[in-house]
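K.L.:
Right, I'll just put the structure down here and ask away after.
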Amino acid sequence: MGAENYNCNDCNSVNPYLPRIYKVKRVKRETHDTFTIEIFADGFRFMPGQFNMLYALVGEVPISISSDPADGKVISHTVRRVGHVTTALCSLNVGSSIGVRGPFGNPWPIREQEGNDVVIVAGGLGLAPLRPLIYYLLSNRGKYGRIFLLYGAKTPKDILYKNELSRWKARFDIDVYVTVDRADGRWHGNVGVVTSLIPRVHTDLMHSSAFICGPEVMMRFVARELINLGFNDERIFISMERNMKCALGICGHCQFGPEFICKDGPVLSYSRVARLLSIKEV
Amino acid sequence: MSIEESIRMHSFFSDISTAHMSSLASHAQHLTVEADNFIFREGEYADAFYLITYGKVSLELSTAHRGRIIIQTIGEDDVLGISWLFPPYRWRFDARTLTLTRLIRIDAAQMRRMCDEDNAFGYKVISKLASIVMRRLQAVRLQLLEMEEM
């Protein structure tokens with residue numbers, strides 16, 4: 001896994017434009033507007049950080065895969081209900097049919113980081129594409145140094161995967177910190193933006209890697225803080241989001257400077273895209 | 001642990017000189033506050049500067065419509081309170097402990113006196129506080145930018 005692209009040559013359908021039809025196992029409500037759709041997909045292989053094009057009757061949208069890559073039977077996608085297609089996806093019932101094209105895109109280059117300390121920083125829905133990475137790291141725990149997960153949500157009600165966060169917090173081999181931007185007096189956790197958690201990260205800076213996903217401005221602030229701390233920008237990876245259509249690097253909808261996010265991304269090293277992030281309308 | 005040792009273990013005063021330490025220590029004391037208690041309330045006279053050595057504190061605002069709103073939480077090795085440095089020396093927020101919290105309370109008038117009498121010491125204190133204020137300002141900016149983006 002790593003720099004190589006996992007595009008149509010590796011995907012699970014013969015014709016990359018043609019969705020495969022799967023059945024919905026369960027639609028789980030995560031927050032007031034976010035749902036995890038579990039799909040029976042026996043033998044579906046993917047790498048952490050990759051995405052699928054999900055097809056509901058009204059159209060198709062790119063959604064990161066959020067389940068355990070070792071599962072092999074069920075894949076999950078965590079979807080925020082914001083438009084027609086995502087509303088249709090979140091309204092699916094058990095046993096409904098769903099079209100899936102993929103997996104597409106570059107995964108998190110996690111095997112290249114073996115032996116390193118790993119810092120994972122997620123903002124909001126950005127925890128979804130990082131969840132397969134966390135599963136992978138915990139399944140291969142002995143190959144990595146210290147692992148930190150820093151997660152920021154808008155409010156306590158917007159926190160995703162609460163049960164799993166509790167389980168991970170209870171483990172002794174991963175440091176999990178959660179913060180929210182705002183809260184009322186009933187919340188006893190941290191309040192502040194996710195960058196306020198970075199001083200808690202104590203890693204071997206010569207051998208540390210970071211994986212970040214969230215709003216673009218948050219990823220820039222986090223990357224900058226990590227670089228100030230001494231992280232190498234070539235070992236900071238971010239997952240970008242753009243309007244992906246073909247998912248094959250042909251249509252150009254997701255072009256980001258010289259990169260096609262669907263094919264060259266969505267995971268890119270920060271050093272590769274840092275300059276582009278500050279250019280208007282790139 | 002003596003008050004001098006506690007002050008020196010906190011990153012804010014880790015590089016303080018022996019002379020400054022003895023002036024400071026004579027006006028400082030350990031303070032332990034149980035969970036869910038106020039250390040200070042909005043509008044009260046800001047007569048102390050606090051260094052948190054253990055626990056978690058929320059800075060919050062009480063409102064008529066929404067009850068308590070937590071603005072920020074701070075914890076071990078953080079500094080609590082900046083209003084003691086600027087007139088009219090009134091706290092802008094409530095500070096409430098979320099867990100059992102241990103602090104070092106330093107008399108604000110003494111801190112101001114030391115800053116006035118020794119400009120090098122004052123500069124160091126102000127620089128450190130300015131970097132804390134800058135970090136908090138950047139956090140607020142990020143929060144505002146994220147709100148626009150999300």
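Residue names in the structure tokens use chain letters A, B, ... in the order shown, residue numbers from 1 in each chain, and ligand numbers from 1 in the order shown.
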Taking only residues of chain A that have an atom at most 10 Å from an atom of chain B, what is each one's shortest atom pair and its distance in Å to one decimal, using only C-alpha atoms, in chain and number order, as JSON lines?
P.N.:
{"residue": "A:Gly123", "atom": "CA", "partner": "B:Glu146", "partner_atom": "CA", "distance": 9.7}
{"residue": "A:Gly124", "atom": "CA", "partner": "B:Met150", "partner_atom": "CA", "distance": 9.2}
{"residue": "A:Lys154", "atom": "CA", "partner": "B:Met147", "partner_atom": "CA", "distance": 8.7}
{"residue": "A:Thr179", "atom": "CA", "partner": "B:Thr73", "partner_atom": "CA", "distance": 9.2}
{"residue": "A:Val180", "atom": "CA", "partner": "B:Gln72", "partner_atom": "CA", "distance": 9.1}
{"residue": "A:Asp181", "atom": "CA", "partner": "B:Gln143", "partner_atom": "CA", "distance": 7.0}
{"residue": "A:Arg182", "atom": "CA", "partner": "B:Ile70", "partner_atom": "CA", "distance": 6.3}
{"residue": "A:Ala183", "atom": "CA", "partner": "B:Ile70", "partner_atom": "CA", "distance": 5.4}
{"residue": "A:Asp184", "atom": "CA", "partner": "B:Ile69", "partner_atom": "CA", "distance": 4.6}
{"residue": "A:Gly185", "atom": "CA", "partner": "B:Arg68", "partner_atom": "CA", "distance": 5.1}
{"residue": "A:Arg186", "atom": "CA", "partner": "B:Arg68", "partner_atom": "CA", "distance": 8.6}
{"residue": "A:Trp187", "atom": "CA", "partner": "B:Ile70", "partner_atom": "CA", "distance": 8.5}
{"residue": "A:His188", "atom": "CA", "partner": "B:Leu98", "partner_atom": "CA", "distance": 6.2}
{"residue": "A:Gly189", "atom": "CA", "partner": "B:Thr73", "partner_atom": "CA", "distance": 8.0}
{"residue": "A:Asn190", "atom": "CA", "partner": "B:Thr73", "partner_atom": "CA", "distance": 5.4}
{"residue": "A:Val191", "atom": "CA", "partner": "B:Gln72", "partner_atom": "CA", "distance": 4.6}
{"residue": "A:Gly192", "atom": "CA", "partner": "B:Gln72", "partner_atom": "CA", "distance": 5.2}
{"residue": "A:Val193", "atom": "CA", "partner": "B:Ala139", "partner_atom": "CA", "distance": 6.0}
{"residue": "A:Val194", "atom": "CA", "partner": "B:Ala139", "partner_atom": "CA", "distance": 8.6}
{"residue": "A:Thr195", "atom": "CA", "partner": "B:Ala139", "partner_atom": "CA", "distance": 7.2}
{"residue": "A:Ser196", "atom": "CA", "partner": "B:Ala139", "partner_atom": "CA", "distance": 7.3}
{"residue": "A:Gly214", "atom": "CA", "partner": "B:Glu146", "partner_atom": "CA", "distance": 9.7}
{"residue": "A:Pro215", "atom": "CA", "partner": "B:Glu146", "partner_atom": "CA", "distance": 6.9}
{"residue": "A:Glu216", "atom": "CA", "partner": "B:Glu149", "partner_atom": "CA", "distance": 8.3}
{"residue": "A:Val217", "atom": "CA", "partner": "B:Glu146", "partner_atom": "CA", "distance": 6.7}
{"residue": "A:Met218", "atom": "CA", "partner": "B:Leu142", "partner_atom": "CA", "distance": 6.9}
{"residue": "A:Arg220", "atom": "CA", "partner": "B:Leu142", "partner_atom": "CA", "distance": 9.9}
{"residue": "A:Phe221", "atom": "CA", "partner": "B:Leu142", "partner_atom": "CA", "distance": 7.5}
K.L.:
Please identify all polymer residues within 10 Å of His253 of chain A, counting only C-alpha atoms, omitting same-chain residues fewer than 4 positions from it, and present them as a PyMOL selection string.
P.N.:
chain A and resi 242-247+249+260-262
K.L.:
Could you turn the residues from that selection into a file that holds N, CA and C atoms, as a JSON list (two decimals), in the first residue's frame?
P.N.:
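Result written to part19.json:
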[["chain", "number", "residue", "atom", "x", "y", "z"],
["A", 242, "ARG", "N", -13.06, 17.01, -2.90],
["A", 242, "ARG", "CA", -13.47, 17.84, -4.03],
["A", 242, "ARG", "C", -14.66, 17.17, -4.69],
["A", 243, "ASN", "N", -15.22, 17.84, -5.67],
["A", 243, "ASN", "CA", -16.43, 17.36, -6.33],
["A", 243, "ASN", "C", -16.08, 16.25, -7.33],
["A", 244, "MET", "N", -15.99, 15.02, -6.84],
["A", 244, "MET", "CA", -15.56, 13.92, -7.70],
["A", 244, "MET", "C", -16.75, 13.36, -8.48],
["A", 245, "LYS", "N", -16.53, 13.09, -9.76],
["A", 245, "LYS", "CA", -17.62, 12.57, -10.61],
["A", 245, "LYS", "C", -17.26, 11.20, -11.19],
["A", 246, "CYS", "N", -16.24, 11.18, -12.06],
["A", 246, "CYS", "CA", -15.92, 9.89, -12.70],
["A", 246, "CYS", "C", -15.12, 8.99, -11.76],
["A", 247, "ALA", "N", -14.35, 9.60, -10.87],
["A", 247, "ALA", "CA", -13.50, 8.88, -9.91],
["A", 247, "ALA", "C", -12.32, 8.17, -10.58],
["A", 249, "GLY", "N", -10.07, 10.02, -12.74],
["A", 249, "GLY", "CA", -9.09, 11.00, -13.18],
["A", 249, "GLY", "C", -9.28, 11.39, -14.63],
["A", 260, "PHE", "N", -5.47, 15.34, -9.59],
["A", 260, "PHE", "CA", -6.87, 14.93, -9.61],
["A", 260, "PHE", "C", -7.12, 14.25, -8.27],
["A", 261, "ILE", "N", -8.00, 14.83, -7.48],
["A", 261, "ILE", "CA", -8.18, 14.32, -6.12],
["A", 261, "ILE", "C", -8.67, 12.87, -6.13],
["A", 262, "CYS", "N", -9.47, 12.50, -7.13],
["A", 262, "CYS", "CA", -10.01, 11.13, -7.15],
["A", 262, "CYS", "C", -8.92, 10.09, -7.42]]
K.L.:
Quick one: pick out all alpha helix (DSSP H) residues within chain B from a backbone DSSP run and write them as a short mmCIF file (atom, residue, chain, number, x, y, z; two decimals) with C-alpha atoms, in the first residue's frame.
P.N.:
data_model
loop_
_atom_site.label_atom_id
_atom_site.label_comp_id
_atom_site.auth_asym_id
_atom_site.auth_seq_id
_atom_site.Cartn_x
_atom_site.Cartn_y
_atom_site.Cartn_z
CA ILE B 3 5.65 26.11 46.86
CA GLU B 4 9.01 26.94 45.20
CA GLU B 5 9.28 23.44 43.74
CA SER B 6 5.69 23.55 42.51
CA ILE B 7 6.22 26.92 40.82
CA ARG B 8 9.44 25.78 39.16
CA MET B 9 7.78 22.58 37.88
CA THR B 18 16.27 32.39 42.43
CA ALA B 19 15.72 36.01 43.51
CA HIS B 20 12.41 36.26 41.65
CA MET B 21 11.38 32.87 42.94
CA SER B 22 11.71 33.88 46.58
CA SER B 23 9.69 37.11 46.00
CA LEU B 24 7.04 35.13 44.17
CA ALA B 25 6.91 32.21 46.58
CA ALA B 108 -1.81 39.63 41.48
CA ALA B 109 -0.71 42.86 43.16
CA GLN B 110 2.69 41.33 43.92
CA MET B 111 3.02 40.08 40.33
CA ARG B 112 2.25 43.56 39.00
CA ARG B 113 4.69 45.11 41.47
CA MET B 114 7.46 42.72 40.38
CA CYS B 115 6.76 43.45 36.70
CA ASP B 116 6.90 47.21 37.34
CA GLU B 117 10.09 47.11 39.42
CA ASN B 119 11.40 45.36 33.51
CA ALA B 120 13.33 42.29 32.38
CA PHE B 121 11.13 40.09 34.56
CA GLY B 122 8.04 42.01 33.43
CA TYR B 123 9.00 41.57 29.78
CA LYS B 124 9.40 37.82 30.27
CA VAL B 125 6.02 37.51 31.98
CA ILE B 126 4.27 39.63 29.35
CA SER B 127 5.94 37.70 26.49
CA LYS B 128 4.78 34.38 27.89
CA LEU B 129 1.26 35.66 28.50
CA ALA B 130 1.20 37.20 25.01
CA SER B 131 2.07 33.84 23.46
CA ILE B 132 -0.77 32.21 25.42
CA VAL B 133 -3.17 34.96 24.32
CA MET B 134 -1.97 34.53 20.72
CA ARG B 135 -2.62 30.79 20.81
CA ARG B 136 -6.10 31.38 22.21
CA LEU B 137 -6.79 34.08 19.62
CA GLN B 138 -5.73 31.72 16.83
CA ALA B 139 -8.02 29.06 18.24
CA VAL B 140 -10.94 31.49 18.14
CA ARG B 141 -10.09 32.45 14.55
CA LEU B 142 -9.99 28.79 13.55
CA GLN B 143 -13.32 28.26 15.25
CA LEU B 144 -14.84 31.16 13.29
CA LEU B 145 -13.33 30.00 9.99
CA GLU B 146 -14.56 26.45 10.56
CA MET B 147 -18.05 27.74 11.26
CA GLU B 148 -18.03 29.48 7.88
CA GLU B 149 -16.71 26.40 6.12
#
K.L.:
What is the distance between atom CA of Ala274 of chain A and atom CA of Met53 of chain A, in Å to one decimal?
P.N.:
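Those two atoms sit 26.6 Å apart.
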K.L.:
Determine, counting only C-alpha atoms, which protein, DNA and RNA residues have an atom within 12 Å of an atom of Leu51 of chain B; residues of the same chain fewer than 3 positions away are not included. Present the result as a ChimeraX atom specification.
P.N.:
/B:3,6-14,28-32,48,54-57,74-82,101-107
K.L.:
Take the residues that were just selected and, keeping C-alpha atoms, output them as a PDB file, in the first residue's frame.
P.N.:
ATOM      1  CA  ILE B   3       5.651  26.112  46.862  1.00  0.00           C
ATOM      2  CA  SER B   6       5.685  23.548  42.512  1.00  0.00           C
ATOM      3  CA  ILE B   7       6.221  26.920  40.817  1.00  0.00           C
ATOM      4  CA  ARG B   8       9.437  25.775  39.160  1.00  0.00           C
ATOM      5  CA  MET B   9       7.781  22.577  37.875  1.00  0.00           C
ATOM      6  CA  HIS B  10       5.168  24.628  36.005  1.00  0.00           C
ATOM      7  CA  SER B  11       6.351  25.518  32.499  1.00  0.00           C
ATOM      8  CA  PHE B  12       5.365  29.176  32.934  1.00  0.00           C
ATOM      9  CA  PHE B  13       8.057  29.781  35.562  1.00  0.00           C
ATOM     10  CA  SER B  14      10.493  26.960  34.769  1.00  0.00           C
ATOM     11  CA  ALA B  28       1.969  32.238  46.501  1.00  0.00           C
ATOM     12  CA  GLN B  29       0.056  29.339  47.953  1.00  0.00           C
ATOM     13  CA  HIS B  30      -1.182  25.893  47.004  1.00  0.00           C
ATOM     14  CA  LEU B  31      -4.887  25.629  46.405  1.00  0.00           C
ATOM     15  CA  THR B  32      -7.021  22.518  45.962  1.00  0.00           C
ATOM     16  CA  ALA B  48      -4.761  36.431  41.648  1.00  0.00           C
ATOM     17  CA  TYR B  54      -3.523  19.137  38.124  1.00  0.00           C
ATOM     18  CA  GLY B  55      -7.130  18.821  36.962  1.00  0.00           C
ATOM     19  CA  LYS B  56      -9.395  20.600  34.520  1.00  0.00           C
ATOM     20  CA  VAL B  57     -11.091  24.002  34.633  1.00  0.00           C
ATOM     21  CA  ILE B  74      -7.838  24.319  30.344  1.00  0.00           C
ATOM     22  CA  GLY B  75      -5.833  21.840  32.353  1.00  0.00           C
ATOM     23  CA  GLU B  76      -2.529  20.745  33.799  1.00  0.00           C
ATOM     24  CA  ASP B  77       0.387  23.104  33.111  1.00  0.00           C
ATOM     25  CA  ASP B  78      -1.968  25.794  31.761  1.00  0.00           C
ATOM     26  CA  VAL B  79      -2.316  29.315  33.105  1.00  0.00           C
ATOM     27  CA  LEU B  80      -5.661  30.473  34.471  1.00  0.00           C
ATOM     28  CA  GLY B  81      -6.541  34.146  34.321  1.00  0.00           C
ATOM     29  CA  ILE B  82      -5.076  37.081  32.440  1.00  0.00           C
ATOM     30  CA  THR B 101      -8.060  20.656  40.611  1.00  0.00           C
ATOM     31  CA  ARG B 102      -4.784  21.713  42.172  1.00  0.00           C
ATOM     32  CA  LEU B 103      -3.474  25.195  41.523  1.00  0.00           C
ATOM     33  CA  ILE B 104      -0.850  27.657  42.614  1.00  0.00           C
ATOM     34  CA  ARG B 105      -2.416  30.975  43.525  1.00  0.00           C
ATOM     35  CA  ILE B 106      -0.113  33.974  43.165  1.00  0.00           C
ATOM     36  CA  ASP B 107      -1.091  37.370  44.476  1.00  0.00           C
TER      37      ASP B 107
END
K.L.:
Could you jot down the atom CA of Tyr17 of chain A to atom CA of Ser97 of chain A separation for me, Å, one decimal place?
P.N.:
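Separation between atom CA of Tyr17 of chain A and atom CA of Ser97 of chain A: 17.5 Å.
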K.L.:
If you run DSSP on the backbone, which residues of segment 17-108 of chain A are strand (DSSP E), as an MDAnalysis selection string?
P.N.:
chainID A and resid 20:29 34:40 51:56 59:64 74:80 97:104
